[in-house]
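Listing of upload_9.csv; format and content: CSV, N, CA and C atoms.
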chain,number,residue,atom,x,y,z
A,251,MET,N,11.8,0.1,-6.3
A,251,MET,CA,10.7,-0.1,-5.4
A,251,MET,C,11.3,0.1,-4.0
A,252,ASN,N,10.4,0.6,-3.1
A,252,ASN,CA,10.8,0.8,-1.7
A,252,ASN,C,11.0,-0.6,-1.1
A,253,PRO,N,12.1,-0.8,-0.4
A,253,PRO,CA,12.4,-2.1,0.2
A,253,PRO,C,11.4,-2.5,1.2
A,254,ARG,N,10.8,-1.6,1.9
A,254,ARG,CA,9.8,-1.9,2.9
A,254,ARG,C,8.5,-2.5,2.2
A,255,ILE,N,8.2,-2.0,1.1
A,255,ILE,CA,7.0,-2.5,0.3
A,255,ILE,C,7.3,-4.0,-0.1
A,256,SER,N,8.5,-4.3,-0.5
A,256,SER,CA,8.9,-5.6,-0.8
A,256,SER,C,8.7,-6.6,0.4
A,257,GLU,N,9.2,-6.1,1.5
A,257,GLU,CA,9.0,-6.9,2.8
A,257,GLU,C,7.5,-7.1,3.1
A,258,LEU,N,6.7,-6.1,2.9
A,258,LEU,CA,5.3,-6.2,3.2
A,258,LEU,C,4.6,-7.2,2.2
A,259,PHE,N,5.0,-7.1,1.0
A,259,PHE,CA,4.4,-8.1,0.0
A,259,PHE,C,4.8,-9.5,0.3
A,260,ASP,N,6.1,-9.7,0.7
A,260,ASP,CA,6.6,-11.0,1.0
A,260,ASP,C,5.8,-11.6,2.2
A,261,GLU,N,5.6,-10.7,3.2
A,261,GLU,CA,4.7,-11.1,4.4
A,261,GLU,C,3.3,-11.5,4.0
A,262,LEU,N,2.8,-10.7,3.1
A,262,LEU,CA,1.4,-11.0,2.6
A,262,LEU,C,1.4,-12.4,1.8
A,263,ASP,N,2.4,-12.6,1.0
A,263,ASP,CA,2.5,-13.9,0.4
A,263,ASP,C,2.5,-15.1,1.4
A,264,PHE,N,3.3,-14.9,2.4
A,264,PHE,CA,3.4,-15.9,3.5
A,264,PHE,C,2.1,-16.1,4.2
A,265,ILE,N,1.5,-15.0,4.5
A,265,ILE,CA,0.1,-15.1,5.2
A,265,ILE,C,-0.9,-15.8,4.3
A,266,THR,N,-0.9,-15.4,3.0
A,266,THR,CA,-1.8,-16.1,2.1
A,266,THR,C,-1.5,-17.6,2.0
A,267,SER,N,-0.3,-17.9,2.0
A,267,SER,CA,0.1,-19.4,1.9
A,267,SER,C,-0.4,-20.1,3.1
A,268,ILE,N,-0.2,-19.5,4.3
A,268,ILE,CA,-0.7,-20.1,5.5
A,268,ILE,C,-2.3,-20.2,5.5
A,269,ALA,N,-2.9,-19.1,5.1
A,269,ALA,CA,-4.4,-19.1,5.0
A,269,ALA,C,-4.9,-20.2,4.1
A,270,ASN,N,-4.2,-20.3,2.9
A,270,ASN,CA,-4.7,-21.4,2.0
A,270,ASN,C,-4.5,-22.8,2.6
A,271,ASN,N,-3.4,-23.0,3.3
A,271,ASN,CA,-3.2,-24.3,3.9
A,271,ASN,C,-4.3,-24.6,5.0
A,272,ILE,N,-4.6,-23.5,5.8
A,272,ILE,CA,-5.7,-23.7,6.8
A,272,ILE,C,-7.0,-24.0,6.1
A,273,HIS,N,-7.3,-23.3,5.0
A,273,HIS,CA,-8.6,-23.5,4.3
A,273,HIS,C,-8.6,-24.9,3.7
A,274,ALA,N,-7.5,-25.4,3.2
A,274,ALA,CA,-7.5,-26.7,2.6
A,274,ALA,C,-7.5,-27.8,3.6
A,275,GLY,N,-7.3,-27.5,4.9
A,275,GLY,CA,-7.4,-28.5,5.9
A,275,GLY,C,-6.1,-29.1,6.2
A,276,SER,N,-5.0,-28.7,5.5
A,276,SER,CA,-3.7,-29.4,5.8
A,276,SER,C,-3.0,-28.7,7.0
A,277,LEU,N,-3.5,-27.7,7.5
A,277,LEU,CA,-2.9,-27.0,8.7
A,277,LEU,C,-4.1,-26.6,9.6
A,278,PHE,N,-3.9,-26.9,10.9
A,278,PHE,CA,-4.9,-26.6,11.9
A,278,PHE,C,-4.5,-25.3,12.5
A,279,ALA,N,-5.5,-24.4,12.7
A,279,ALA,CA,-5.2,-23.1,13.4
A,279,ALA,C,-6.4,-22.7,14.2
A,280,SER,N,-6.2,-22.2,15.4
A,280,SER,CA,-7.3,-21.8,16.2
A,280,SER,C,-7.9,-20.5,15.6
A,281,GLU,N,-9.0,-20.1,16.1
A,281,GLU,CA,-9.7,-18.9,15.7
A,281,GLU,C,-8.8,-17.7,16.0
A,282,SER,N,-8.1,-17.7,17.1
A,282,SER,CA,-7.3,-16.5,17.4
A,282,SER,C,-6.1,-16.4,16.5
A,283,ILE,N,-5.5,-17.5,16.0
A,283,ILE,CA,-4.4,-17.4,15.0
A,283,ILE,C,-5.0,-16.9,13.7
A,284,ARG,N,-6.1,-17.4,13.3
A,284,ARG,CA,-6.7,-16.9,12.1
A,284,ARG,C,-7.0,-15.4,12.2
A,285,GLU,N,-7.5,-14.9,13.3
A,285,GLU,CA,-7.8,-13.5,13.5
A,285,GLU,C,-6.5,-12.7,13.5
A,286,LYS,N,-5.4,-13.2,14.1
A,286,LYS,CA,-4.1,-12.5,14.1
A,286,LYS,C,-3.5,-12.4,12.6
A,287,LEU,N,-3.7,-13.5,11.8
A,287,LEU,CA,-3.3,-13.4,10.4
A,287,LEU,C,-4.0,-12.4,9.7
A,288,LEU,N,-5.3,-12.3,9.9
A,288,LEU,CA,-6.2,-11.4,9.2
A,288,LEU,C,-5.8,-9.9,9.6
A,289,ILE,N,-5.6,-9.7,10.8
A,289,ILE,CA,-5.2,-8.4,11.3
A,289,ILE,C,-3.8,-8.0,10.7
A,290,LYS,N,-2.9,-8.9,10.7
A,290,LYS,CA,-1.6,-8.6,10.1
A,290,LYS,C,-1.7,-8.3,8.6
A,291,ALA,N,-2.5,-9.1,7.9
A,291,ALA,CA,-2.7,-8.8,6.5
A,291,ALA,C,-3.3,-7.4,6.3
A,292,ILE,N,-4.3,-7.0,7.1
A,292,ILE,CA,-4.9,-5.7,7.0
A,292,ILE,C,-3.9,-4.6,7.3
A,293,ASP,N,-3.1,-4.8,8.3
A,293,ASP,CA,-2.0,-3.8,8.7
A,293,ASP,C,-1.0,-3.7,7.5
A,294,ASN,N,-0.6,-4.8,7.0
A,294,ASN,CA,0.3,-4.7,5.8
A,294,ASN,C,-0.3,-3.9,4.7
A,295,LEU,N,-1.5,-4.2,4.3
A,295,LEU,CA,-2.2,-3.5,3.2
A,295,LEU,C,-2.3,-2.0,3.5
A,296,ARG,N,-2.6,-1.7,4.7
A,296,ARG,CA,-2.7,-0.2,5.1
A,296,ARG,C,-1.3,0.4,4.9
A,297,GLU,N,-0.3,-0.2,5.4
A,297,GLU,CA,1.1,0.3,5.3
A,297,GLU,C,1.5,0.4,3.8
A,298,ILE,N,1.2,-0.5,3.0
A,298,ILE,CA,1.4,-0.5,1.6
A,298,ILE,C,0.7,0.7,1.0
A,299,ASP,N,-0.5,0.9,1.3
A,299,ASP,CA,-1.3,2.1,0.8
A,299,ASP,C,-0.6,3.4,1.2
A,300,PHE,N,-0.2,3.5,2.4
A,300,PHE,CA,0.5,4.7,2.9
A,300,PHE,C,1.7,5.0,2.2
A,301,ILE,N,2.6,3.9,2.0
A,301,ILE,CA,3.8,4.1,1.2
A,301,ILE,C,3.5,4.5,-0.2
A,302,ARG,N,2.6,3.8,-0.8
A,302,ARG,CA,2.2,4.0,-2.2
A,302,ARG,C,1.7,5.4,-2.4
A,303,TYR,N,0.9,5.9,-1.5
A,303,TYR,CA,0.4,7.3,-1.6
A,303,TYR,C,1.5,8.3,-1.4
A,304,SER,N,2.5,8.0,-0.5
A,304,SER,CA,3.5,9.0,-0.3
A,304,SER,C,4.5,9.0,-1.5
A,305,LEU,N,4.6,7.9,-2.2
A,305,LEU,CA,5.4,7.9,-3.4
A,305,LEU,C,4.8,8.5,-4.6
A,306,ASN,N,3.4,8.5,-4.6
A,306,ASN,CA,2.7,9.0,-5.8
A,306,ASN,C,1.5,9.9,-5.2
A,307,PRO,N,1.9,11.1,-4.6
A,307,PRO,CA,0.8,11.9,-4.1
A,307,PRO,C,-0.1,12.5,-5.2
A,308,GLN,N,-1.3,12.7,-4.8
A,308,GLN,CA,-2.2,13.3,-5.8
A,308,GLN,C,-2.0,14.8,-5.9
A,309,ILE,N,-2.2,15.3,-7.0
A,309,ILE,CA,-2.0,16.7,-7.3
A,309,ILE,C,-3.3,17.4,-6.9
A,310,PRO,N,-3.3,18.4,-6.0
A,310,PRO,CA,-4.5,19.0,-5.6
A,310,PRO,C,-5.0,20.0,-6.6
A,311,GLU,N,-6.3,20.2,-6.6
A,311,GLU,CA,-6.9,21.3,-7.4
A,311,GLU,C,-6.4,22.6,-6.9
A,312,PRO,N,-6.3,23.6,-7.7
A,312,PRO,CA,-6.6,23.7,-9.2
A,312,PRO,C,-5.4,23.2,-10.1
A,313,TRP,N,-4.3,22.8,-9.5
A,313,TRP,CA,-3.2,22.3,-10.2
A,313,TRP,C,-3.5,21.1,-11.1
A,314,ALA,N,-4.3,20.3,-10.7
A,314,ALA,CA,-4.6,19.0,-11.5
A,314,ALA,C,-5.2,19.3,-12.8
A,315,SER,N,-6.0,20.4,-12.9
A,315,SER,CA,-6.7,20.6,-14.2
A,315,SER,C,-5.9,21.6,-15.1
A,316,MET,N,-4.7,22.0,-14.6
A,316,MET,CA,-3.9,22.9,-15.4
A,316,MET,C,-2.9,22.2,-16.3
A,317,THR,N,-2.6,22.8,-17.4
A,317,THR,CA,-1.5,22.2,-18.2
A,317,THR,C,-0.1,22.6,-17.6
A,318,ALA,N,0.9,22.0,-18.0
A,318,ALA,CA,2.2,22.3,-17.5
A,318,ALA,C,2.6,23.7,-17.8
A,319,ASP,N,2.3,24.2,-19.0
A,319,ASP,CA,2.6,25.6,-19.3
A,319,ASP,C,1.8,26.6,-18.4
A,320,GLU,N,0.6,26.3,-18.1
A,320,GLU,CA,-0.2,27.2,-17.2
A,320,GLU,C,0.5,27.2,-15.8
A,321,ILE,N,0.9,26.1,-15.3
A,321,ILE,CA,1.5,26.0,-14.0
A,321,ILE,C,2.8,26.8,-14.0
A,322,ILE,N,3.7,26.5,-15.0
A,322,ILE,CA,4.9,27.2,-15.1
A,322,ILE,C,4.7,28.7,-15.2
A,323,LYS,N,3.8,29.2,-16.0
A,323,LYS,CA,3.5,30.6,-16.2
A,323,LYS,C,3.0,31.2,-14.8
A,324,GLY,N,2.2,30.4,-14.1
A,324,GLY,CA,1.6,30.9,-12.9
A,324,GLY,C,2.7,31.0,-11.8
A,325,LEU,N,3.7,30.2,-11.9
A,325,LEU,CA,4.7,30.2,-10.9
A,325,LEU,C,5.8,31.3,-11.2
A,326,GLY,N,5.7,31.9,-12.4
A,326,GLY,CA,6.7,32.8,-12.8
A,326,GLY,C,8.0,32.2,-13.2
A,327,VAL,N,8.0,31.0,-13.6
A,327,VAL,CA,9.2,30.3,-14.0
A,327,VAL,C,9.2,30.3,-15.6
A,328,TYR,N,10.3,30.5,-16.1
A,328,TYR,CA,10.4,30.6,-17.6
A,328,TYR,C,11.1,29.4,-18.1
A,329,LYS,N,10.7,28.9,-19.3
A,329,LYS,CA,11.4,27.8,-19.9
A,329,LYS,C,12.8,28.1,-20.4
Same coordinates, now as structure tokens:
Amino acid sequence: MNPRISELFDELDFITSIANNIHAGSLFASESIREKLLIKAIDNLREIDFIRYSLNPQIPEPWASMTADEIIKGLGVYK
């Protein structure tokens, strides 16, 4: 797994823990702190999606609907 993704998930776990404590009333936080936590969580999720997409890009049409043999034959590559 990409090390940056691990860091982002760790940060999300930390943010979730803080948010749960705020929600339970065991931790006081101003509205601006809550907003900053939410923004940070959203930023992390966007970065995770970006990394995930770059590691597993979608295959564009018409390649996606072709078999491996059709692609190989179309590229002029022989087995």
Original post:
Near segment 278-280 of chain A, within 10 Å and counting only C-alpha atoms, which residues show up once chain neighbours fewer than 5 positions away are dropped, as a ChimeraX atom specification?
Top reply: /A:268-269,271-273,285
**OP:** Provide the atom CA of Arg302 of chain A to atom CA of Glu320 of chain A distance in Å, to one decimal place.
**Re:** 27.7 Å
**OP:** One decimal, Å: what's the distance from atom N of Glu257 of chain A over to atom CA of Leu305 of chain A, could you say?
**Re:**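 We find that atom N of Glu257 of chain A and atom CA of Leu305 of chain A lie 15.3 Å from each other.
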Subject >> Using all atoms listed in the file: which of A:Leu262, A:Ser276, A:Lys323, A:Pro253 has the shortest distance to Asn294 of chain A >> reply: A:Leu262
Subject >> Between atom C of Leu258 of chain A and atom N of Arg296 of chain A - distance in Å to one decimal >> reply: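 That distance, rounded to one decimal, is 9.4 Å.
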Original post:
Closest to Arg254 of chain A among A:Ile283, A:Thr266, A:Leu277, A:Ile298, using only C-alpha atoms?
Top reply: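 Of A:Ile283, A:Thr266, A:Leu277, A:Ile298, the one nearest Arg254 of chain A, counting only C-alpha atoms, is A:Ile298.
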